[in-house]
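As stored in structure.txt (compact mmCIF, C-alpha atoms):
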# COMPACT_ATOMS: atom_id res chain seq x y z
CA MET H 1 0.00 0.00 0.00
CA LYS H 2 1.07 3.58 -0.58
CA SER H 3 2.00 5.83 2.35
CA VAL H 4 0.81 9.42 2.73
CA SER H 5 3.44 12.05 1.96
CA HIS H 6 1.41 15.06 3.09
CA ILE H 7 -1.94 16.84 2.89
CA GLN H 8 -1.92 19.62 0.29
CA ARG H 9 -4.17 22.63 0.84
CA ASN H 10 -4.44 26.28 -0.17
CA PRO H 11 -6.92 28.44 1.77
CA HIS H 12 -6.14 31.50 -0.37
CA GLY H 13 -8.33 32.11 -3.40
CA HIS H 14 -8.12 34.30 -6.46
CA TRP H 15 -10.27 35.06 -9.48
CA VAL H 16 -9.70 33.75 -12.98
CA GLY H 17 -11.38 36.39 -15.11
CA ASP H 18 -14.60 37.50 -13.44
CA GLY H 19 -16.36 34.12 -13.51
CA PHE H 20 -14.17 31.65 -11.67
CA PRO H 21 -13.23 32.13 -7.99
CA VAL H 22 -10.62 29.41 -7.46
CA ARG H 23 -8.09 27.98 -5.07
CA SER H 24 -4.98 26.61 -6.80
CA ILE H 25 -4.41 23.40 -4.85
CA PHE H 26 -1.09 22.86 -6.64
CA SER H 27 0.83 24.28 -9.57
CA TYR H 28 3.85 23.34 -11.66
CA ASP H 29 5.46 26.55 -10.37
CA ASP H 30 5.96 24.84 -7.00
CA ASN H 31 7.25 21.32 -7.62
CA PRO H 32 6.45 19.94 -11.07
CA ARG H 33 7.87 16.49 -10.39
CA ALA H 34 5.70 15.91 -7.32
CA PHE H 35 2.42 15.99 -9.25
CA SER H 36 3.46 14.87 -12.74
CA PRO H 37 1.72 14.20 -15.14
CA PHE H 38 -0.60 16.82 -13.63
CA LEU H 39 0.52 20.45 -13.80
CA LEU H 40 -2.10 22.47 -11.96
CA LEU H 41 -5.45 22.08 -10.25
CA ASP H 42 -7.85 24.96 -9.68
CA PHE H 43 -10.83 24.20 -7.42
CA GLY H 44 -13.58 26.65 -8.34
CA GLY H 45 -16.20 27.37 -5.70
CA PRO H 46 -18.39 26.27 -4.17
CA THR H 47 -20.09 29.64 -4.46
CA THR H 48 -23.38 31.16 -5.56
CA PHE H 49 -23.76 33.71 -8.35
CA ASP H 50 -26.55 36.26 -8.59
CA PRO H 51 -28.48 36.48 -11.87
CA THR H 52 -26.99 38.82 -14.47
CA THR H 53 -27.05 39.62 -18.17
CA LYS H 54 -23.29 40.25 -18.11
CA ARG H 55 -20.94 37.61 -19.54
CA ARG H 56 -18.85 36.18 -16.73
CA GLY H 57 -15.66 34.28 -17.48
CA VAL H 58 -12.38 34.53 -19.34
CA GLY H 59 -11.97 35.96 -22.83
CA ALA H 60 -9.78 34.64 -25.64
CA HIS H 61 -6.37 33.37 -24.52
CA PRO H 62 -3.85 30.80 -25.83
CA HIS H 63 -2.35 27.54 -24.57
CA ARG H 64 0.40 25.23 -25.82
CA GLY H 65 2.03 22.03 -24.57
CA PHE H 66 -0.64 20.45 -22.36
CA GLU H 67 -4.36 19.69 -21.89
CA THR H 68 -7.05 21.37 -19.81
CA VAL H 69 -9.73 19.23 -18.17
CA THR H 70 -12.78 21.13 -16.90
CA ILE H 71 -15.24 19.19 -14.73
CA VAL H 72 -18.48 20.93 -13.72
CA TYR H 73 -20.35 19.95 -10.55
CA ASP H 74 -22.78 22.91 -10.32
CA GLY H 75 -23.55 25.60 -12.88
CA GLU H 76 -22.71 25.69 -16.58
CA VAL H 77 -19.57 26.60 -18.55
CA SER H 78 -19.47 27.41 -22.26
CA HIS H 79 -16.30 26.90 -24.30
CA ARG H 80 -15.27 28.06 -27.76
CA ASP H 81 -11.87 27.58 -29.40
CA SER H 82 -9.87 28.30 -32.54
CA THR H 83 -10.39 24.80 -33.96
CA GLY H 84 -14.12 25.52 -34.21
CA ALA H 85 -14.95 23.20 -31.32
CA GLY H 86 -16.95 24.11 -28.26
CA GLY H 87 -20.16 23.68 -26.35
CA THR H 88 -21.79 24.08 -22.97
CA ILE H 89 -21.31 21.66 -20.10
CA GLY H 90 -23.34 21.28 -16.92
CA PRO H 91 -23.20 19.09 -13.81
CA GLY H 92 -21.34 15.85 -14.48
CA ASP H 93 -20.01 16.97 -17.88
CA VAL H 94 -16.36 17.40 -18.87
CA GLN H 95 -14.45 19.46 -21.41
CA TRP H 96 -11.12 17.80 -22.24
CA MET H 97 -9.19 20.24 -24.42
CA THR H 98 -5.86 19.30 -25.96
CA ALA H 99 -3.91 22.49 -26.58
CA ALA H 100 -0.80 20.63 -27.83
CA SER H 101 0.75 22.70 -30.67
CA GLY H 102 -1.47 25.65 -29.86
CA ILE H 103 -5.05 26.75 -29.37
CA VAL H 104 -6.93 29.92 -28.51
CA HIS H 105 -10.11 29.57 -26.45
CA GLU H 106 -12.56 31.35 -24.21
CA GLU H 107 -14.58 30.12 -21.21
CA PHE H 108 -17.69 31.83 -19.88
CA HIS H 109 -20.71 30.94 -17.78
CA SER H 110 -23.44 29.86 -20.15
CA GLU H 111 -26.00 32.51 -21.04
CA ALA H 112 -28.75 30.49 -19.35
CA PHE H 113 -26.78 30.07 -16.11
CA GLY H 114 -25.89 33.76 -16.14
CA ARG H 115 -29.57 34.71 -16.32
CA SER H 116 -30.65 32.28 -13.60
CA GLY H 117 -27.64 32.45 -11.29
CA GLY H 118 -27.26 29.80 -8.62
CA PRO H 119 -24.66 27.45 -7.12
CA PHE H 120 -21.38 27.02 -8.96
CA GLN H 121 -18.60 24.48 -8.49
CA MET H 122 -15.99 23.14 -10.88
CA VAL H 123 -12.45 21.83 -11.15
CA GLN H 124 -9.94 22.65 -13.85
CA LEU H 125 -6.98 20.33 -14.15
CA TRP H 126 -3.95 20.88 -16.39
CA VAL H 127 -2.44 17.64 -17.73
CA ASN H 128 1.07 17.67 -19.15
CA LEU H 129 1.97 16.17 -22.51
CA PRO H 130 5.23 14.31 -23.17
CA ALA H 131 7.71 16.11 -25.43
CA ARG H 132 6.83 13.84 -28.35
CA ASP H 133 3.19 15.07 -28.25
CA LYS H 134 3.54 18.74 -27.32
CA MET H 135 3.31 19.80 -30.96
CA ALA H 136 0.50 17.39 -31.89
CA PRO H 137 -2.64 18.86 -33.47
CA PRO H 138 -5.00 20.51 -30.96
CA GLY H 139 -8.28 18.79 -30.14
CA TYR H 140 -11.40 18.81 -28.00
CA GLN H 141 -13.41 16.11 -26.24
CA GLY H 142 -16.84 17.07 -24.94
CA ILE H 143 -17.81 14.31 -22.50
CA THR H 144 -21.35 14.30 -21.12
CA ALA H 145 -22.48 12.77 -17.85
CA ALA H 146 -24.50 10.24 -19.86
CA GLN H 147 -21.32 9.03 -21.60
CA THR H 148 -19.47 8.52 -18.32
CA PRO H 149 -19.84 5.05 -16.75
CA THR H 150 -20.48 4.68 -13.03
CA VAL H 151 -19.41 1.53 -11.20
CA ASP H 152 -20.48 0.34 -7.77
CA LEU H 153 -17.67 -0.09 -5.26
CA PRO H 154 -17.54 -3.37 -3.30
CA ASP H 155 -19.74 -3.93 -0.24
CA GLY H 156 -22.05 -1.03 -1.05
CA ALA H 157 -19.34 1.47 -0.08
CA GLY H 158 -20.17 3.94 -2.83
CA THR H 159 -19.59 4.59 -6.52
CA ALA H 160 -16.88 5.69 -8.94
CA ARG H 161 -17.65 7.68 -12.09
CA LEU H 162 -14.91 7.04 -14.64
CA ILE H 163 -13.80 9.99 -16.78
CA ALA H 164 -10.41 8.49 -17.73
CA GLY H 165 -8.88 5.14 -16.91
CA SER H 166 -10.52 1.85 -15.98
CA LEU H 167 -11.94 0.17 -12.90
CA LEU H 168 -13.78 -3.14 -12.44
CA ASP H 169 -13.93 -3.79 -16.21
CA ALA H 170 -15.39 -0.35 -16.99
CA GLN H 171 -13.48 2.23 -19.05
CA GLY H 172 -13.76 6.00 -18.96
CA PRO H 173 -14.39 7.73 -22.31
CA ALA H 174 -11.53 10.27 -22.23
CA ARG H 175 -8.62 9.62 -24.61
CA THR H 176 -5.29 10.35 -22.92
CA PHE H 177 -1.70 10.53 -24.15
CA THR H 178 -0.25 8.79 -21.08
CA PRO H 179 -1.89 6.39 -18.58
CA MET H 180 -4.00 8.07 -15.91
CA GLN H 181 -7.12 7.71 -13.78
CA VAL H 182 -9.57 10.60 -13.39
CA TRP H 183 -12.65 9.52 -11.39
CA ASP H 184 -15.40 11.08 -9.33
CA VAL H 185 -15.68 8.86 -6.25
CA GLN H 186 -18.50 8.83 -3.69
CA ILE H 187 -17.85 7.01 -0.41
CA LYS H 188 -20.60 6.52 2.15
CA ALA H 189 -19.97 7.47 5.78
CA GLY H 190 -18.44 4.64 7.80
CA HIS H 191 -17.33 2.66 4.77
CA THR H 192 -13.77 1.77 3.78
CA VAL H 193 -12.59 1.38 0.19
CA THR H 194 -9.33 0.21 -1.33
CA LEU H 195 -8.57 1.80 -4.68
CA PRO H 196 -5.87 0.67 -7.10
CA ALA H 197 -2.92 2.99 -7.59
CA PRO H 198 -0.35 1.23 -9.80
CA GLU H 199 3.31 1.18 -8.79
CA GLY H 200 4.99 0.36 -12.08
CA HIS H 201 4.87 2.20 -15.40
CA THR H 202 3.21 0.79 -18.51
CA VAL H 203 4.73 2.78 -21.37
CA THR H 204 8.28 3.63 -22.40
CA LEU H 205 8.55 6.94 -20.53
CA PRO H 206 10.97 6.73 -17.60
CA ALA H 207 8.93 6.55 -14.39
CA PRO H 208 11.12 4.76 -11.85
CA GLU H 209 9.33 6.03 -8.75
CA GLY H 210 5.89 4.63 -9.59
CA HIS H 211 2.60 6.43 -10.16
CA THR H 212 1.49 9.79 -8.81
CA THR H 213 -1.65 9.43 -6.66
CA VAL H 214 -3.30 12.65 -5.44
CA PRO H 215 -7.05 12.40 -4.63
CA LEU H 216 -8.78 15.71 -3.85
CA VAL H 217 -11.62 15.82 -1.32
CA LEU H 218 -14.38 17.95 -2.81
CA LYS H 219 -16.75 17.53 0.12
CA GLY H 220 -16.72 15.41 3.27
CA ARG H 221 -13.93 13.89 5.35
CA VAL H 222 -11.79 10.79 4.86
CA LYS H 223 -9.16 9.04 6.93
CA THR H 224 -6.20 7.23 5.37
CA GLN H 225 -4.66 3.96 6.50
CA ASP H 226 -1.87 6.11 8.05
CA GLY H 227 -4.39 7.95 10.21
CA ALA H 228 -4.15 11.23 8.28
CA GLU H 229 -7.43 13.02 7.57
CA ALA H 230 -8.48 15.29 4.71
CA THR H 231 -11.60 17.39 4.31
CA ASP H 232 -13.10 19.92 1.86
CA ALA H 233 -10.60 21.27 -0.73
CA GLU H 234 -7.71 19.21 0.67
CA MET H 235 -5.60 16.83 -1.40
CA ILE H 236 -3.93 13.66 -0.15
CA VAL H 237 -0.48 13.34 -1.71
CA TYR H 238 0.83 9.77 -1.61
CA GLU H 239 4.36 8.44 -1.93
CA ARG H 240 4.88 6.78 -5.30
CA ALA H 241 5.98 3.38 -3.95
CA GLY H 242 3.18 0.88 -3.38
CA GLU H 243 0.18 -0.30 -5.34
CA GLY H 244 -3.02 0.89 -3.66
CA VAL H 245 -4.60 3.10 -1.02
CA THR H 246 -7.28 2.56 1.60
CA LEU H 247 -9.67 5.36 2.58
CA THR H 248 -12.38 5.42 5.25
CA ALA H 249 -15.18 7.97 4.96
CA VAL H 250 -15.76 9.74 8.27
CA THR H 251 -18.75 11.48 6.65
CA ASP H 252 -20.35 11.04 3.24
CA THR H 253 -17.49 12.05 0.95
CA THR H 254 -17.06 13.10 -2.66
CA LEU H 255 -13.54 13.12 -4.01
CA LEU H 256 -11.79 13.58 -7.34
CA TRP H 257 -9.44 10.63 -7.75
CA LEU H 258 -6.29 11.49 -9.72
CA ALA H 259 -3.53 9.01 -10.47
CA GLY H 260 -1.13 8.90 -13.37
CA GLU H 261 2.22 7.91 -14.74
CA PRO H 262 4.83 10.64 -14.23
CA ILE H 263 6.47 12.26 -17.24
CA ASP H 264 10.16 12.42 -16.37
CA GLU H 265 11.04 15.42 -18.56
CA PRO H 266 11.89 19.08 -17.91
CA VAL H 267 8.92 21.36 -17.22
CA VAL H 268 9.38 24.95 -18.34
CA GLY H 269 6.26 27.06 -18.16
CA TYR H 270 5.30 30.67 -18.50
CA GLY H 271 1.66 31.66 -18.13
CA PRO H 272 -0.44 29.72 -20.65
CA PHE H 273 2.45 27.73 -22.17
CA VAL H 274 4.18 24.65 -20.71
CA MET H 275 7.05 23.21 -22.69
CA ASN H 276 10.47 21.60 -22.10
CA SER H 277 12.81 24.56 -22.68
CA GLU H 278 12.98 28.36 -22.56
CA ALA H 279 13.49 28.43 -26.32
CA GLU H 280 10.19 26.59 -26.83
CA ILE H 281 8.42 29.14 -24.60
CA HIS H 282 9.81 32.02 -26.67
CA GLN H 283 8.66 30.24 -29.83
CA ALA H 284 5.18 29.77 -28.36
CA PHE H 285 4.83 33.51 -27.73
CA SER H 286 6.04 34.26 -31.25
CA ASP H 287 3.63 31.75 -32.79
CA PHE H 288 0.70 33.13 -30.80
CA GLN H 289 1.48 36.75 -31.64
CA SER H 290 1.78 35.92 -35.34
CA GLY H 291 -1.57 34.10 -35.36
CA ARG H 292 -0.16 30.62 -35.94
CA MET H 293 -2.24 29.24 -33.06
CA GLY H 294 -5.42 30.41 -34.75
CA ARG H 295 -7.95 32.99 -33.72
CA LEU H 296 -11.51 33.10 -32.46

Let me see the file written as structure tokens.
Amino acid sequence: MKSVSHIQRNPHGHWVGDGFPVRSIFSYDDNPRAFSPFLLLDFGGPTTFDPTTKRRGVGAHPHRGFETVTIVYDGEVSHRDSTGAGGTIGPGDVQWMTAASGIVHEEFHSEAFGRSGGPFQMVQLWVNLPARDKMAPPGYQGITAAQTPTVDLPDGAGTARLIAGSLLDAQGPARTFTPMQVWDVQIKAGHTVTLPAPEGHTVTLPAPEGHTTVPLVLKGRVKTQDGAEATDAEMIVYERAGEGVTLTAVTDTTLLWLAGEPIDEPVVGYGPFVMNSEAEIHQAFSDFQSGRMGRL
């Protein structure tokens, strides 16, 4: 079994545009190796918005070198990008955008949600791409709640909704460049679950330490086999050695399960670009300014 390294938390929030009040639970600016293949996680909300006719969100901006994964739990988010893709997602839906060689996009509350207002909660995760794929064509996966399989955990302990990766013969719909698990997990109070967190790597990328495993508690409280506890907006960071984790729900708990194979390559980022060298960052800015990433 994996041992707990530490509990990661950030009580300080900030706004992304005027539509997304978030806490950055971790970022590649701090320790990129610790969370690889994940680069950043912004936990948005929970909050409540008043009705408005104003567009709330973030206007056109570029990305290169990674993927953004937006998971909505309350409210609605509308996306539009320079490939012509886009759409509106609501509770249980996911936007999995591959920036790769370059994309320009915008994210706003949907017009309908803006008019009605109400509760809002979401997560945006940045997923790194290996060097071989950083200049792949950009893409977009709109994944609805109806497309996302839910499996029952043993002994009636709860459920797992699979966005990426597999569990108990079910497979999440997201296509990923490296192996990872992205699940919404519900654990009932008083129940204990053991979830798989692989130790070895399964592709040719060097990953000698084993898999990154960093579940985020969205709501509730869980206790680990080490006796550590995590509650709302706290992330359990596990050591990479070992092949599974055991969690006991102190209260009914919802968590975002994240596990993945590390990418053992340099991480050089500046703002919306994450590459492997300073020269590639300079090139990204040049390509964006010249319009080679497309326009909205």

Subject >> Selected residue, from H:Val127, H:Val77, H:Val193, H:Ile263, that lies nearest to Gln181 (chain H) when counting only C-alpha atoms >> reply: H:Val127

**OP:** Measure the distance from CA of Leu162 (chain H) to CA of Trp257 (chain H) in Å and round it to one decimal.
**Re:** 9.5 Å

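Counting all atoms listed in the file and comparing H:Ser101, H:Thr52, H:Gln124, H:Ser116, the residue that lies closest to Thr68 (chain H) is H:Gln124.
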
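Counting only C-alpha atoms, the residue from H:Leu129, H:Met122, H:Leu216, H:Met293 that sits nearest to Pro21 (chain H) is H:Met122.
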
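What separates CA of Trp126 (chain H) from CA of Ala249 (chain H) is a distance of 27.4 Å.
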
Please provide as a PDB file with C-alpha atoms, in the frame of the given file all residues within 12 Å of region 8-13 of chain H, with the sequence filter that same-chain residues fewer than 2 positions apart are discarded (counting only C-alpha atoms).
ATOM      1  CA  VAL H   4       0.810   9.420   2.730  1.00  0.00           C
ATOM      2  CA  SER H   5       3.440  12.050   1.960  1.00  0.00           C
ATOM      3  CA  HIS H   6       1.410  15.060   3.090  1.00  0.00           C
ATOM      4  CA  TRP H  15     -10.270  35.060  -9.480  1.00  0.00           C
ATOM      5  CA  VAL H  16      -9.700  33.750 -12.980  1.00  0.00           C
ATOM      6  CA  PHE H  20     -14.170  31.650 -11.670  1.00  0.00           C
ATOM      7  CA  PRO H  21     -13.230  32.130  -7.990  1.00  0.00           C
ATOM      8  CA  VAL H  22     -10.620  29.410  -7.460  1.00  0.00           C
ATOM      9  CA  ARG H  23      -8.090  27.980  -5.070  1.00  0.00           C
ATOM     10  CA  SER H  24      -4.980  26.610  -6.800  1.00  0.00           C
ATOM     11  CA  ILE H  25      -4.410  23.400  -4.850  1.00  0.00           C
ATOM     12  CA  PHE H  26      -1.090  22.860  -6.640  1.00  0.00           C
ATOM     13  CA  SER H  27       0.830  24.280  -9.570  1.00  0.00           C
ATOM     14  CA  ASP H  30       5.960  24.840  -7.000  1.00  0.00           C
ATOM     15  CA  ALA H  34       5.700  15.910  -7.320  1.00  0.00           C
ATOM     16  CA  PHE H  35       2.420  15.990  -9.250  1.00  0.00           C
ATOM     17  CA  LEU H  41      -5.450  22.080 -10.250  1.00  0.00           C
ATOM     18  CA  ASP H  42      -7.850  24.960  -9.680  1.00  0.00           C
ATOM     19  CA  PHE H  43     -10.830  24.200  -7.420  1.00  0.00           C
ATOM     20  CA  GLY H  44     -13.580  26.650  -8.340  1.00  0.00           C
ATOM     21  CA  GLY H  45     -16.200  27.370  -5.700  1.00  0.00           C
ATOM     22  CA  PRO H  46     -18.390  26.270  -4.170  1.00  0.00           C
ATOM     23  CA  VAL H 214      -3.300  12.650  -5.440  1.00  0.00           C
ATOM     24  CA  PRO H 215      -7.050  12.400  -4.630  1.00  0.00           C
ATOM     25  CA  LEU H 216      -8.780  15.710  -3.850  1.00  0.00           C
ATOM     26  CA  VAL H 217     -11.620  15.820  -1.320  1.00  0.00           C
ATOM     27  CA  LEU H 218     -14.380  17.950  -2.810  1.00  0.00           C
ATOM     28  CA  ALA H 228      -4.150  11.230   8.280  1.00  0.00           C
ATOM     29  CA  GLU H 229      -7.430  13.020   7.570  1.00  0.00           C
ATOM     30  CA  ALA H 230      -8.480  15.290   4.710  1.00  0.00           C
ATOM     31  CA  THR H 231     -11.600  17.390   4.310  1.00  0.00           C
ATOM     32  CA  ASP H 232     -13.100  19.920   1.860  1.00  0.00           C
ATOM     33  CA  ALA H 233     -10.600  21.270  -0.730  1.00  0.00           C
ATOM     34  CA  GLU H 234      -7.710  19.210   0.670  1.00  0.00           C
ATOM     35  CA  MET H 235      -5.600  16.830  -1.400  1.00  0.00           C
ATOM     36  CA  ILE H 236      -3.930  13.660  -0.150  1.00  0.00           C
ATOM     37  CA  VAL H 237      -0.480  13.340  -1.710  1.00  0.00           C
ATOM     38  CA  TYR H 238       0.830   9.770  -1.610  1.00  0.00           C
TER      39      TYR H 238
END
